[in-house]
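Written below as structure tokens is the structure these notes are about.
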Amino acid sequence: MNQNKLAFGVMRLPLLDPGDTTKIDLEAVNRMVDRYMERGFTYFDTAAPYHGGHSEAAFRECVAKRYPRDSYTLTNKLSLFVIQKAEDMEGFLAGQLERCGVDYFDYYLLHAMSKERLEQAEAWGAFDFVAQKKAAGVLRHLGFSFHDKAEVLEEILERHPEMEYVQLQLNYLDWEDPEVQSRKCYEVCRKHNKPVLVMEPVRGGLLTNLPQEAEALLREKGPEASPASWAIRFAASLEGVFKVLSGMSTLEQVEDNTAFMTDFRPMSQEERETLAQVVRIIQSKELIACTNCRYCVDGCPMQIAIPNYFKLLNHVSKFGPSQLPWAKSEYAELTGKMGKGLASACIRCGQCEEACPQRLPITSSLEDVAKTFE
């Protein structure tokens, strides 16, 4: 299996200020990129909304300015949810090319497609727009990322067979999840013979911070293997998977991911059964299945750091009440020193739940956060 299946997601980069996702530590990213490229990996994935609009510029500074264009592959996305009208697509794409420091994208996705966004894309002529840009050589390959039910994915592929590939949220925790439907969506892609790009293989980092008994089980079965390696190998072992994105945040993560993906070993049936046990343990502990994509944060009128708070609540749920003092201290730092809104400040406007790809009951969960930490 090709070692180059590991892709670098430019969406969770190291920060100079933990409270500000726009302040990226470019020197640290340079070291990460260099190690990733040294080990023979070349595929990067970005989007205009990532890092508060600064992901593309970080790619330009750390990759485009430092490596020849033919040495890497770059994917970007047409984020219709941040564009005001159809006429803005032209300028949006031009801005992306400029911010990334390139004159073409190897792959271009209609971003976060769903039933609602399919209708928007067709009404705005987005499919025709990207096809025209492909014909002009500005875009090399077309596809879409997807957050909805399998039946909607089937509809998109039937209506737009010209789409060359699909980016799916796919991991062992979501494989049989009735909301995410990883397996069902994967099977739709196989039916239509579309290569799959995998996003969230480690579930936003969730699968690297396992309950103690789950981590002990993995350590027993593979003493030298990290939890991340189990998750990424699960996705990479599936037939038809083209790339597996990892939103790497540290050099250590790059070292680990590139090590086991350079010497890739497909997952055995016994290992799959071990992961099924891990899923049962996680499901018994987890309160909120947040992936930290942060789509909910940008439009929050009260500036509530929703994913950060959910991570704290899940941490206490998974690791027990002994963690409550630490979690309360972290919450106080987030809401105080970093100037984020209290969970109790939520006005229940619903924008966060509308933006959430996971369809989480965010407003009611914020009430739980307030009861636990305030």
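Chain lettering (A, B, ...) mirrors the order of the structure tokens, residue numbering begins at 1 for each chain separately, and ligand numbering begins at 1 in order of display.
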
Per residue of segment 196-310 of chain A within 12 Å of segment 16-20 of chain A, which atom pair is closest and at what distance in Å (one decimal), using only C-alpha atoms, listed by chain and increasing number, as a tab-separated table?
```
residue	atom	partner	partner_atom	distance
A:Ser249	CA	A:Pro18	CA	12.0
A:Gln303	CA	A:Gly19	CA	11.9
A:Ile304	CA	A:Gly19	CA	11.9
A:Ala305	CA	A:Gly19	CA	9.4
A:Asn308	CA	A:Gly19	CA	10.0
```

Would you save the residues from that selection as a compact mmCIF listing (two decimals), in the first residue's frame, using N, CA, C and O atoms?
```txt
# COMPACT_ATOMS: atom_id res chain seq x y z
N SER A 249 -0.68 18.83 14.86
CA SER A 249 -0.47 20.05 15.62
C SER A 249 0.93 20.18 16.20
O SER A 249 1.30 21.26 16.66
N GLN A 303 -19.33 34.86 21.65
CA GLN A 303 -17.92 34.45 21.64
C GLN A 303 -17.64 33.30 22.61
O GLN A 303 -16.67 33.32 23.37
N ILE A 304 -18.50 32.32 22.58
CA ILE A 304 -18.35 31.16 23.46
C ILE A 304 -17.42 30.14 22.78
O ILE A 304 -17.65 29.75 21.64
N ALA A 305 -16.41 29.71 23.49
CA ALA A 305 -15.43 28.75 22.96
C ALA A 305 -15.99 27.33 23.09
O ALA A 305 -15.48 26.51 23.86
N ASN A 308 -13.84 23.99 23.08
CA ASN A 308 -12.94 23.95 24.23
C ASN A 308 -13.68 23.50 25.49
O ASN A 308 -13.17 22.71 26.28
```

Test item, alpha helix (DSSP H) assignment across segment 200-343 of chain A, answer as a ChimeraX atom specification: /A:212-221,227-236,251-262,269-285,306-319,324-335

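Residues in contact with Ala86 of chain A at 8 Å, where only C-alpha atoms are counted and same-chain residues fewer than 3 positions away are skipped, are listed as Ile83, Met89, Trp124, Gly125 and Ala126 of chain A.
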
Atom-to-atom span, atom CA of Phe234 of chain A and atom CA of Gly222 of chain A, Å: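 Value for the atom CA of Phe234 of chain A-atom CA of Gly222 of chain A distance: 14.0 Å.
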
Residue contacts of segment 129-140 of chain A (10 Å, only C-alpha atoms) excluding same-chain residues fewer than 5 positions away, as an mmCIF file with all heavy atoms, in the first residue's frame:
```cif
data_model
loop_
_atom_site.group_PDB
_atom_site.id
_atom_site.type_symbol
_atom_site.label_atom_id
_atom_site.label_comp_id
_atom_site.auth_asym_id
_atom_site.auth_seq_id
_atom_site.Cartn_x
_atom_site.Cartn_y
_atom_site.Cartn_z
ATOM 1 N N THR A 75 -4.895 20.709 -1.832
ATOM 2 C CA THR A 75 -6.350 20.722 -1.940
ATOM 3 C C THR A 75 -6.899 21.948 -1.219
ATOM 4 O O THR A 75 -6.465 22.277 -0.117
ATOM 5 C CB THR A 75 -6.953 19.454 -1.305
ATOM 6 O OG1 THR A 75 -6.626 18.320 -2.110
ATOM 7 C CG2 THR A 75 -8.470 19.545 -1.215
ATOM 8 N N ASN A 76 -7.869 22.622 -1.849
ATOM 9 C CA ASN A 76 -8.600 23.708 -1.204
ATOM 10 C C ASN A 76 -10.091 23.501 -1.451
ATOM 11 O O ASN A 76 -10.487 22.539 -2.121
ATOM 12 C CB ASN A 76 -8.125 25.072 -1.707
ATOM 13 C CG ASN A 76 -8.248 26.155 -0.648
ATOM 14 O OD1 ASN A 76 -9.179 26.157 0.159
ATOM 15 N ND2 ASN A 76 -7.324 27.108 -0.655
ATOM 16 N N LEU A 78 -14.256 25.219 -1.990
ATOM 17 C CA LEU A 78 -15.210 26.291 -2.268
ATOM 18 C C LEU A 78 -16.221 26.323 -1.124
ATOM 19 O O LEU A 78 -17.161 25.531 -1.079
ATOM 20 C CB LEU A 78 -15.917 26.050 -3.604
ATOM 21 C CG LEU A 78 -16.943 27.098 -4.040
ATOM 22 C CD1 LEU A 78 -16.326 28.491 -4.142
ATOM 23 C CD2 LEU A 78 -17.578 26.698 -5.370
ATOM 24 N N ALA A 86 -23.686 34.196 -5.560
ATOM 25 C CA ALA A 86 -23.031 33.400 -6.595
ATOM 26 C C ALA A 86 -21.909 34.173 -7.288
ATOM 27 O O ALA A 86 -20.870 33.592 -7.626
ATOM 28 C CB ALA A 86 -24.069 32.940 -7.617
ATOM 29 N N MET A 89 -18.117 33.868 -6.193
ATOM 30 C CA MET A 89 -17.279 32.668 -6.313
ATOM 31 C C MET A 89 -15.977 32.955 -7.043
ATOM 32 O O MET A 89 -14.920 32.439 -6.669
ATOM 33 C CB MET A 89 -18.056 31.542 -6.994
ATOM 34 C CG MET A 89 -19.194 30.969 -6.157
ATOM 35 S SD MET A 89 -19.917 29.449 -6.840
ATOM 36 C CE MET A 89 -20.685 30.083 -8.340
ATOM 37 N N GLU A 90 -16.042 33.752 -8.067
ATOM 38 C CA GLU A 90 -14.850 34.086 -8.853
ATOM 39 C C GLU A 90 -13.787 34.740 -7.981
ATOM 40 O O GLU A 90 -12.615 34.332 -7.974
ATOM 41 C CB GLU A 90 -15.230 35.001 -10.011
ATOM 42 C CG GLU A 90 -14.091 35.322 -10.965
ATOM 43 C CD GLU A 90 -13.809 34.184 -11.938
ATOM 44 O OE1 GLU A 90 -14.776 33.602 -12.476
ATOM 45 O OE2 GLU A 90 -12.618 33.873 -12.138
ATOM 46 N N LEU A 93 -12.282 32.310 -5.230
ATOM 47 C CA LEU A 93 -11.250 31.406 -5.731
ATOM 48 C C LEU A 93 -9.954 32.169 -6.004
ATOM 49 O O LEU A 93 -8.859 31.698 -5.652
ATOM 50 C CB LEU A 93 -11.733 30.699 -6.996
ATOM 51 C CG LEU A 93 -10.706 29.840 -7.742
ATOM 52 C CD1 LEU A 93 -10.111 28.771 -6.827
ATOM 53 C CD2 LEU A 93 -11.335 29.210 -8.980
ATOM 54 N N ALA A 94 -10.061 33.343 -6.616
ATOM 55 C CA ALA A 94 -8.864 34.141 -6.895
ATOM 56 C C ALA A 94 -8.131 34.487 -5.606
ATOM 57 O O ALA A 94 -6.888 34.441 -5.547
ATOM 58 C CB ALA A 94 -9.253 35.414 -7.649
ATOM 59 N N LEU A 97 -6.185 31.384 -4.296
ATOM 60 C CA LEU A 97 -4.940 31.163 -5.039
ATOM 61 C C LEU A 97 -3.857 32.130 -4.567
ATOM 62 O O LEU A 97 -2.699 31.737 -4.356
ATOM 63 C CB LEU A 97 -5.183 31.318 -6.539
ATOM 64 C CG LEU A 97 -6.045 30.237 -7.187
ATOM 65 C CD1 LEU A 97 -6.517 30.691 -8.558
ATOM 66 C CD2 LEU A 97 -5.275 28.920 -7.305
ATOM 67 N N VAL A 102 -0.144 30.047 -4.987
ATOM 68 C CA VAL A 102 -0.080 29.096 -6.104
ATOM 69 C C VAL A 102 -0.939 29.623 -7.254
ATOM 70 O O VAL A 102 -1.754 30.537 -7.072
ATOM 71 C CB VAL A 102 -0.575 27.692 -5.686
ATOM 72 C CG1 VAL A 102 0.314 27.115 -4.588
ATOM 73 C CG2 VAL A 102 -2.037 27.736 -5.222
ATOM 74 N N ASP A 103 -0.764 29.029 -8.444
ATOM 75 C CA ASP A 103 -1.602 29.440 -9.574
ATOM 76 C C ASP A 103 -2.583 28.350 -10.002
ATOM 77 O O ASP A 103 -3.307 28.515 -10.979
ATOM 78 C CB ASP A 103 -0.747 29.894 -10.759
ATOM 79 C CG ASP A 103 0.259 28.842 -11.192
ATOM 80 O OD1 ASP A 103 0.182 27.688 -10.723
ATOM 81 O OD2 ASP A 103 1.147 29.186 -12.012
ATOM 82 N N TYR A 104 -2.596 27.240 -9.264
ATOM 83 C CA TYR A 104 -3.628 26.222 -9.480
ATOM 84 C C TYR A 104 -3.732 25.351 -8.237
ATOM 85 O O TYR A 104 -2.810 25.287 -7.415
ATOM 86 C CB TYR A 104 -3.309 25.343 -10.705
ATOM 87 C CG TYR A 104 -2.121 24.428 -10.537
ATOM 88 C CD1 TYR A 104 -2.257 23.132 -10.033
ATOM 89 C CD2 TYR A 104 -0.831 24.857 -10.876
ATOM 90 C CE1 TYR A 104 -1.160 22.304 -9.867
ATOM 91 C CE2 TYR A 104 0.268 24.031 -10.724
ATOM 92 C CZ TYR A 104 0.100 22.752 -10.208
ATOM 93 O OH TYR A 104 1.195 21.939 -10.038
ATOM 94 N N PHE A 105 -4.890 24.686 -8.096
ATOM 95 C CA PHE A 105 -5.079 23.701 -7.034
ATOM 96 C C PHE A 105 -5.155 22.317 -7.662
ATOM 97 O O PHE A 105 -5.854 22.119 -8.662
ATOM 98 C CB PHE A 105 -6.356 23.981 -6.237
ATOM 99 C CG PHE A 105 -6.295 25.239 -5.409
ATOM 100 C CD1 PHE A 105 -7.241 26.250 -5.569
ATOM 101 C CD2 PHE A 105 -5.288 25.418 -4.466
ATOM 102 C CE1 PHE A 105 -7.178 27.408 -4.816
ATOM 103 C CE2 PHE A 105 -5.217 26.581 -3.703
ATOM 104 C CZ PHE A 105 -6.166 27.572 -3.877
ATOM 105 N N ASP A 106 -4.457 21.374 -7.060
ATOM 106 C CA ASP A 106 -4.484 20.002 -7.571
ATOM 107 C C ASP A 106 -5.866 19.379 -7.396
ATOM 108 O O ASP A 106 -6.353 18.666 -8.273
ATOM 109 C CB ASP A 106 -3.441 19.156 -6.844
ATOM 110 C CG ASP A 106 -2.041 19.697 -7.043
ATOM 111 O OD1 ASP A 106 -1.428 19.374 -8.081
ATOM 112 O OD2 ASP A 106 -1.564 20.463 -6.177
ATOM 113 N N TYR A 107 -6.467 19.641 -6.241
ATOM 114 C CA TYR A 107 -7.810 19.147 -5.948
ATOM 115 C C TYR A 107 -8.626 20.299 -5.378
ATOM 116 O O TYR A 107 -8.102 21.147 -4.651
ATOM 117 C CB TYR A 107 -7.758 17.998 -4.929
ATOM 118 C CG TYR A 107 -7.073 16.758 -5.455
ATOM 119 C CD1 TYR A 107 -5.686 16.631 -5.367
ATOM 120 C CD2 TYR A 107 -7.808 15.730 -6.044
ATOM 121 C CE1 TYR A 107 -5.037 15.507 -5.855
ATOM 122 C CE2 TYR A 107 -7.167 14.606 -6.534
ATOM 123 C CZ TYR A 107 -5.785 14.499 -6.437
ATOM 124 O OH TYR A 107 -5.155 13.381 -6.926
ATOM 125 N N TYR A 108 -9.907 20.320 -5.725
ATOM 126 C CA TYR A 108 -10.785 21.396 -5.242
ATOM 127 C C TYR A 108 -12.124 20.774 -4.876
ATOM 128 O O TYR A 108 -12.738 20.057 -5.678
ATOM 129 C CB TYR A 108 -10.950 22.469 -6.315
ATOM 130 C CG TYR A 108 -11.417 23.807 -5.777
ATOM 131 C CD1 TYR A 108 -10.620 24.544 -4.913
ATOM 132 C CD2 TYR A 108 -12.646 24.340 -6.150
ATOM 133 C CE1 TYR A 108 -11.026 25.786 -4.434
ATOM 134 C CE2 TYR A 108 -13.066 25.580 -5.685
ATOM 135 C CZ TYR A 108 -12.248 26.305 -4.822
ATOM 136 O OH TYR A 108 -12.660 27.522 -4.352
ATOM 137 N N LEU A 109 -12.567 21.062 -3.652
ATOM 138 C CA LEU A 109 -13.793 20.461 -3.129
ATOM 139 C C LEU A 109 -14.881 21.506 -2.940
ATOM 140 O O LEU A 109 -14.599 22.614 -2.464
ATOM 141 C CB LEU A 109 -13.541 19.824 -1.764
ATOM 142 C CG LEU A 109 -12.669 18.591 -1.625
ATOM 143 C CD1 LEU A 109 -11.206 18.926 -1.741
ATOM 144 C CD2 LEU A 109 -12.935 17.934 -0.274
ATOM 145 N N LEU A 110 -16.104 21.144 -3.258
ATOM 146 C CA LEU A 110 -17.251 21.878 -2.740
ATOM 147 C C LEU A 110 -17.323 21.508 -1.261
ATOM 148 O O LEU A 110 -17.416 20.328 -0.908
ATOM 149 C CB LEU A 110 -18.526 21.489 -3.476
ATOM 150 C CG LEU A 110 -18.560 21.860 -4.961
ATOM 151 C CD1 LEU A 110 -19.825 21.352 -5.625
ATOM 152 C CD2 LEU A 110 -18.452 23.361 -5.145
ATOM 153 N N ALA A 121 -25.640 25.001 -4.000
ATOM 154 C CA ALA A 121 -24.602 24.877 -5.023
ATOM 155 C C ALA A 121 -25.204 24.820 -6.418
ATOM 156 O O ALA A 121 -24.687 25.440 -7.363
ATOM 157 C CB ALA A 121 -23.758 23.630 -4.759
ATOM 158 N N TRP A 124 -26.671 28.271 -7.421
ATOM 159 C CA TRP A 124 -25.634 29.258 -7.710
ATOM 160 C C TRP A 124 -24.775 28.868 -8.917
ATOM 161 O O TRP A 124 -23.909 29.644 -9.327
ATOM 162 C CB TRP A 124 -24.720 29.426 -6.495
ATOM 163 C CG TRP A 124 -25.323 30.239 -5.389
ATOM 164 C CD1 TRP A 124 -26.635 30.575 -5.228
ATOM 165 C CD2 TRP A 124 -24.627 30.813 -4.283
ATOM 166 N NE1 TRP A 124 -26.807 31.316 -4.089
ATOM 167 C CE2 TRP A 124 -25.590 31.478 -3.488
ATOM 168 C CE3 TRP A 124 -23.299 30.822 -3.886
ATOM 169 C CZ2 TRP A 124 -25.250 32.156 -2.318
ATOM 170 C CZ3 TRP A 124 -22.962 31.495 -2.720
ATOM 171 C CH2 TRP A 124 -23.925 32.150 -1.948
ATOM 172 N N GLU A 162 -19.841 13.746 -12.414
ATOM 173 C CA GLU A 162 -18.563 14.339 -12.810
ATOM 174 C C GLU A 162 -17.639 14.585 -11.614
ATOM 175 O O GLU A 162 -16.434 14.816 -11.792
ATOM 176 C CB GLU A 162 -18.802 15.661 -13.546
ATOM 177 C CG GLU A 162 -19.221 16.842 -12.681
ATOM 178 C CD GLU A 162 -20.717 16.907 -12.373
ATOM 179 O OE1 GLU A 162 -21.420 15.907 -12.632
ATOM 180 O OE2 GLU A 162 -21.185 17.963 -11.894
ATOM 181 N N MET A 163 -18.189 14.537 -10.408
ATOM 182 C CA MET A 163 -17.347 14.679 -9.218
ATOM 183 C C MET A 163 -16.428 13.464 -9.118
ATOM 184 O O MET A 163 -16.875 12.322 -9.158
ATOM 185 C CB MET A 163 -18.206 14.805 -7.960
ATOM 186 C CG MET A 163 -19.024 16.089 -7.875
ATOM 187 S SD MET A 163 -18.012 17.578 -7.561
ATOM 188 C CE MET A 163 -17.868 18.258 -9.226
#
```

Segment 51-218 of chain A: residues DSSP assigns to strand (DSSP E), reported as a PyMOL selection string: chain A and resi 73-78+105-113+139-146+165-169+196-199

Neighbour list for segment 358-364 of chain A as a ChimeraX atom specification, cut-off 8 Å, only C-alpha atoms, skip fewer than 5 positions in-chain: /A:147,179-180,288-290,346,348,350,352-353

For the selection you just gave me, I'd like the residues written to a file as a short mmCIF file (atom, residue, chain, number, x, y, z; two decimals), in the first residue's frame, keeping all heavy atoms.
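Everything below was put into again11.cif:
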```
data_model
loop_
_atom_site.label_atom_id
_atom_site.label_comp_id
_atom_site.auth_asym_id
_atom_site.auth_seq_id
_atom_site.Cartn_x
_atom_site.Cartn_y
_atom_site.Cartn_z
N HIS A 147 -20.96 16.12 4.78
CA HIS A 147 -21.46 15.96 6.15
C HIS A 147 -22.98 15.81 6.10
O HIS A 147 -23.72 16.79 6.23
CB HIS A 147 -21.11 17.19 7.01
CG HIS A 147 -19.65 17.35 7.29
ND1 HIS A 147 -18.97 16.57 8.21
CD2 HIS A 147 -18.72 18.20 6.79
CE1 HIS A 147 -17.71 16.94 8.26
NE2 HIS A 147 -17.53 17.93 7.41
N GLU A 179 -25.74 8.76 13.21
CA GLU A 179 -25.77 10.14 12.73
C GLU A 179 -24.72 10.39 11.66
O GLU A 179 -25.00 10.92 10.59
CB GLU A 179 -25.56 11.11 13.91
CG GLU A 179 -26.74 11.18 14.85
CD GLU A 179 -28.00 11.69 14.18
OE1 GLU A 179 -27.92 12.68 13.42
OE2 GLU A 179 -29.06 11.09 14.41
N VAL A 180 -23.48 10.01 11.93
CA VAL A 180 -22.39 10.26 10.99
C VAL A 180 -22.45 9.28 9.81
O VAL A 180 -22.14 9.65 8.68
CB VAL A 180 -21.03 10.18 11.71
CG1 VAL A 180 -19.89 10.50 10.74
CG2 VAL A 180 -21.00 11.13 12.90
N ILE A 288 -20.22 14.22 24.88
CA ILE A 288 -20.46 15.05 23.70
C ILE A 288 -19.46 14.66 22.62
O ILE A 288 -18.26 14.78 22.81
CB ILE A 288 -20.31 16.55 24.02
CG1 ILE A 288 -21.14 16.93 25.25
CG2 ILE A 288 -20.70 17.41 22.82
CD1 ILE A 288 -20.84 18.30 25.78
N ALA A 289 -19.95 14.23 21.47
CA ALA A 289 -19.08 13.75 20.38
C ALA A 289 -18.63 14.89 19.48
O ALA A 289 -18.89 14.92 18.28
CB ALA A 289 -19.80 12.68 19.58
N CYS A 290 -17.92 15.84 20.06
CA CYS A 290 -17.43 17.03 19.33
C CYS A 290 -16.09 16.73 18.67
O CYS A 290 -15.20 16.17 19.32
CB CYS A 290 -17.30 18.20 20.29
SG CYS A 290 -16.56 19.68 19.58
N CYS A 346 -24.89 31.86 26.76
CA CYS A 346 -25.58 31.43 25.54
C CYS A 346 -27.00 32.00 25.47
O CYS A 346 -27.76 31.92 26.44
CB CYS A 346 -25.63 29.90 25.50
SG CYS A 346 -26.60 29.22 24.15
N ARG A 348 -29.13 31.04 23.04
CA ARG A 348 -29.91 30.02 22.34
C ARG A 348 -30.38 30.50 20.96
O ARG A 348 -31.51 30.23 20.55
CB ARG A 348 -31.10 29.55 23.19
CG ARG A 348 -30.72 29.03 24.56
CD ARG A 348 -31.92 28.50 25.33
NE ARG A 348 -32.39 27.27 24.72
CZ ARG A 348 -31.93 26.05 25.02
NH1 ARG A 348 -30.95 25.92 25.90
NH2 ARG A 348 -32.43 24.99 24.43
N GLY A 350 -29.14 29.48 18.17
CA GLY A 350 -29.18 28.30 17.31
C GLY A 350 -28.20 28.30 16.16
O GLY A 350 -28.11 27.31 15.43
N CYS A 352 -25.02 27.96 16.18
CA CYS A 352 -24.01 26.92 16.38
C CYS A 352 -24.53 25.55 15.94
O CYS A 352 -23.81 24.78 15.29
CB CYS A 352 -23.57 26.88 17.84
SG CYS A 352 -24.92 26.65 19.03
N GLU A 353 -25.76 25.25 16.30
CA GLU A 353 -26.32 23.94 15.94
C GLU A 353 -26.56 23.85 14.43
O GLU A 353 -26.43 22.77 13.84
CB GLU A 353 -27.61 23.70 16.72
CG GLU A 353 -27.36 23.55 18.22
CD GLU A 353 -28.60 23.22 19.01
OE1 GLU A 353 -29.71 23.17 18.42
OE2 GLU A 353 -28.48 23.02 20.24
#
```

Polymer residues at most 9 Å from Phe260 of chain A, only C-alpha atoms, same-chain spacing of 3 or more positions, as a PyMOL selection string: chain A and resi 225+229+233+255-257+263-265

One-decimal distance in Å that lies between atom CA of Ala236 of chain A and atom CA of Ser268 of chain A: 12.2 Å

Residue with smallest distance to Val82 of chain A - pool A:Glu215, A:Thr46, A:Ala231, A:Gly52, counting only C-alpha atoms: A:Gly52

Residues within 12 Å of segment 181-185 of chain A, only C-alpha atoms, excluding chain neighbours under 5 positions, as a PyMOL selection string: chain A and resi 145-157+166-176+190-192+194+196-201+203+235+238+358

Residue nearest Ser329 of chain A - candidates A:Phe373, A:Met302, A:Met32, A:Tyr165, atoms counted: only C-alpha atoms: A:Phe373

Pairwise distance for atom CA of Glu239 of chain A and atom CA of Met261 of chain A, rounded to one decimal in Å: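 Rounded to one decimal, the two atoms are 15.9 Å apart.
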
From A:Lys23, A:Lys328, A:Lys221, A:Arg39, residue lying nearest Val254 of chain A [only C-alpha atoms]: A:Arg39
